[in-house]
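> Take this structure first; my questions come after.
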Amino acid sequence: MILKRSASYSLLIGASFFSLFPLFWTISTSIKDRVDTYSLPPKFFSFTPTLKNYTSLFALEKFWQIYSNSIIITLGSTLICLVIGSLAAYALARKPRFRGRTPLEGLMIAVRALPAIVLLLPIYKLSSFLGLYDSKIGLILIFAGFNIPFAIWLLMSFFEQIPVEIEESARVDGASTFKLFTRIILPLAAPGLVATGIFVSLLSWNEFLIPVIMAGENSKTLPVLVASFISNRTLDWGPMAAAATVALIPIVLLTVVIQRWLVAGLSSGAVKE
Amino acid sequence: MLRRKNLRPVAQLTIPTWIFLALVVLIPFFYGVYISFLNINLASFLPPNFVGFENYQTVLVASETWSTLRITLIITFIGLLTQIPLGILLALVLHENLRGTKIFRSILITPMLLTPVAVGLTYRFMFDTDLGVINWALGSIGIEKVNWLGSQTSALFAIIIVDSWQSVPFVMLLVLAALTAISPSLYEAARVDGASASQIFRRITLPLITPTLLVITMIKIMDFLKLFDTLFILTRGGPGNATTTLGLWTYKTGFVFLEFSRAAALGVIITIITLPVYFLWRRASRVVR
């Protein structure tokens, strides 16, 4: 029994090490001098931290614009997902059958199932017609479209936990559907809305393929910037690691906040209808 | 009475979602099919013509289509064989509910939340032949330097390692959920009957989590077809096309070689490949629920 337990613990500790090491390595590379970055054997702790890489990253001409693009697009698309997603999620959670439910769910699943490139090719062509290429509004709308299914799946699981009796008594008191939804359901599902919001913003924050196709110089996002380091022939790992860290840190902070709901979020859409 | 009266407003609540999904899925999909019958090249200013099935013919004859499909299948197959057993193993250990399990679970799911592009970059640094920490670690146990991203086999391994690092937690979470759903009384009864740990696993646990494993397999197959971000950063499909998957090839055809209609035809082909997986997933998913 003790043997088995220590085997389990060593497995968990080993797996934790592998899970965290790349994160640690990115952050530590980002605060290393060039010499320390390229030293062999690698320096894990014995180096003098420096902020040089960050100053050179922040000094990049477009860095702050790109950073604010990422924030604007993430927030904008998340807001749309929450507003529109909560309406649909409420309908799907409360009424087992209504016209158009099956095809709607089919479309939601198609977003999960199909490689995005299949849809992005025609979207690229369509948005150049509509003048939405390289526009933040365009990106916000496309991000929202791709993330709405996840928002709906996640919100549904929260709405389903609200007892129907509460609604029924409000209805008897004469509340309209709209009032019922905004005054009773949404406040009750507030933690769910927060968790869904954070989860969907993670998806947007991490998204790469959509902006790589749809964004030019005006609406580039952080992952595109991070990726652009690699195409330069001069591989300078310090600033690169700083860029990666800037992308990763908000995620680590946010996930600490939504720890409780993470599991539901991460498996949403996998087994639930 | 109450019910019927409220039926309509409920369906109306889904209208905005319909609009968005029509804009990103329905219209683009049919427009993509339409494009695949034209001869659009992004570098050409000539008005496109209708060419029937020509793009499909070109694409189906091209050796790249088949070689990239083969690479996709290799990655999928080896990836599944790596990720599912690892995910099961970690889920089983977490399911023991030892002290500290919650913290370990939080740590273990971290990789799947991180920006794939940043993850790819980090691994690219770690896989570096001369300066990478991986070759250094291998060197310290006497293994010679590997040019990880320089040859097909090792680059495929590197890609699978990075994808596994981000995907094993997903497998683990779903298996863990399935394990939690198994009634403890089954285990107790088996133990009373004197069953060994391996017997319990093979006779009780495994059959009961099989539907979940099927769901995971289907989702993972779809995800391998989607694989893009980390692949793009690690190798960009190289050396040459040695690690280009069908999805990345579609991207290259459309946005690097600018053969837009041909890429659209590839997109339709990918959709057709996805369909059976999709239906199996739905079926298995219903059993799980």
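Chain lettering (A, B, ...) mirrors the order of the structure tokens, residue numbering begins at 1 for each chain separately, and ligand numbering begins at 1 in order of display.
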Might you pull out every residue within 12 Å of Phe63 of chain A, with only C-alpha atoms counted and same-chain residues fewer than 2 positions away left off, and present them as a list of chain:residue names?

A:Tyr54, A:Thr55, A:Ser56, A:Leu57, A:Phe58, A:Ala59, A:Leu60, A:Glu61, A:Gln65, A:Ile66, A:Tyr67, A:Ser68, A:Asn69, A:Ser70, A:Glu217, A:Asn218, A:Ser219, A:Lys220, A:Thr221, A:Leu222, A:Pro223, A:Val224, A:Leu225, A:Val226, A:Pro239, A:Ala242, A:Ala243, A:Val246

> Which distance in Å separates atom CA of Thr72 of chain B and atom CA of Ile230 of chain A, to one decimal?

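Atom CA of Thr72 of chain B sits 23.3 Å away from atom CA of Ile230 of chain A.
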
> Considering only C-alpha atoms, can you say which of B:Val277, B:Thr14, B:Thr115, B:Leu156 comes closest to Ile74 of chain B?

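Among B:Val277, B:Thr14, B:Thr115, B:Leu156, it is B:Leu156 that comes nearest to Ile74 of chain B.
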
> Excluding Ala227 of chain A and residues on its chain fewer than 4 positions from it, collect all residues at most 8 Å away from it, counting only C-alpha atoms, and give them as a PyMOL selection string.

(chain A and resi 223+231) or (chain B and resi 117-118+121+233)

> Just the selected residues (C-alpha atoms), exported as a PDB file, in the first residue's frame, please.


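Now in part-v7.pdb:
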```pdb
ATOM      1  CA  PRO A 223       0.148  35.344 -30.918  1.00  0.00           C
ATOM      2  CA  SER A 231      10.360  33.863 -39.304  1.00  0.00           C
TER       3      SER A 231
ATOM      4  CA  VAL B 117       2.089  29.629 -30.316  1.00  0.00           C
ATOM      5  CA  ALA B 118       4.068  30.542 -27.209  1.00  0.00           C
ATOM      6  CA  LEU B 121       8.238  28.770 -29.436  1.00  0.00           C
ATOM      7  CA  ILE B 233       5.835  27.318 -35.117  1.00  0.00           C
TER       8      ILE B 233
END
```

> Extract the full set of helix (DSSP H, G or I) residues from segment 59-279 of chain B according to DSSP on the backbone, and format it as a PyMOL selection string.

chain B and resi 59-61+63-95+101-113+116-126+133-140+152-181+184-192+197-226+229-234+246-256+260-279

> Hey, which of B:Phe20, B:Ala11, B:Ile221, B:Ile143 ends up closest to Leu107 of chain A? Count only C-alpha atoms.

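With only C-alpha atoms as the atom set, the closest residue is B:Phe20.
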
> Report, in Å with one decimal, the straight-line distance from atom CA of Cys81 of chain A to atom CA of Arg97 of chain A.

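Separation between atom CA of Cys81 of chain A and atom CA of Arg97 of chain A: 22.8 Å.
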
> What does the structure give for the distance between atom CA of Leu23 of chain A and atom CA of Ala244 of chain A, in Å to one decimal?

9.6 Å

> Please identify all polymer residues within 6 Å of segment 112-121 of chain A, counting only C-alpha atoms, omitting same-chain residues fewer than 3 positions from it, and present them as a ChimeraX atom specification.

/A:109,124 /B:28-29,226,267

> Take the residues from that selection and write them out as a short mmCIF file (atom, residue, chain, number, x, y, z; two decimals), in the first residue's frame, keeping C-alpha atoms.


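Final file, result14.cif:
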```
data_model
loop_
_atom_site.label_atom_id
_atom_site.label_comp_id
_atom_site.auth_asym_id
_atom_site.auth_seq_id
_atom_site.Cartn_x
_atom_site.Cartn_y
_atom_site.Cartn_z
CA ILE A 109 -20.73 20.95 -33.31
CA TYR A 124 -11.12 35.45 -46.01
CA PRO B 28 -18.58 30.12 -45.63
CA PHE B 29 -19.03 26.39 -46.00
CA LYS B 226 -6.96 20.58 -37.09
CA GLY B 267 -11.12 21.88 -47.58
#
```

> Fewer than 5 positions away in the same chain doesn't count, so skip those; otherwise give me all residues within 10 Å of Leu179 of chain B, counting only C-alpha atoms, as JSON, numbers by chain.

{"B": [88, 91, 92, 95, 173, 174, 184, 205, 206, 208, 209, 212]}

> Any chance you could tabulate, as a tab-separated table, the residues of segment 54-100 of chain B at most 10 Å from segment 104-110 of chain B with each one's nearest atom pair and distance in Å to one decimal, using only C-alpha atoms, in chain and rising number order?


```
residue	atom	partner	partner_atom	distance
B:Leu90	CA	B:Leu108	CA	9.1
B:Ala91	CA	B:Arg105	CA	9.2
B:Leu94	CA	B:Arg105	CA	7.2
B:Leu98	CA	B:Phe104	CA	9.9
B:Arg99	CA	B:Phe104	CA	9.5
B:Gly100	CA	B:Phe104	CA	6.3
```
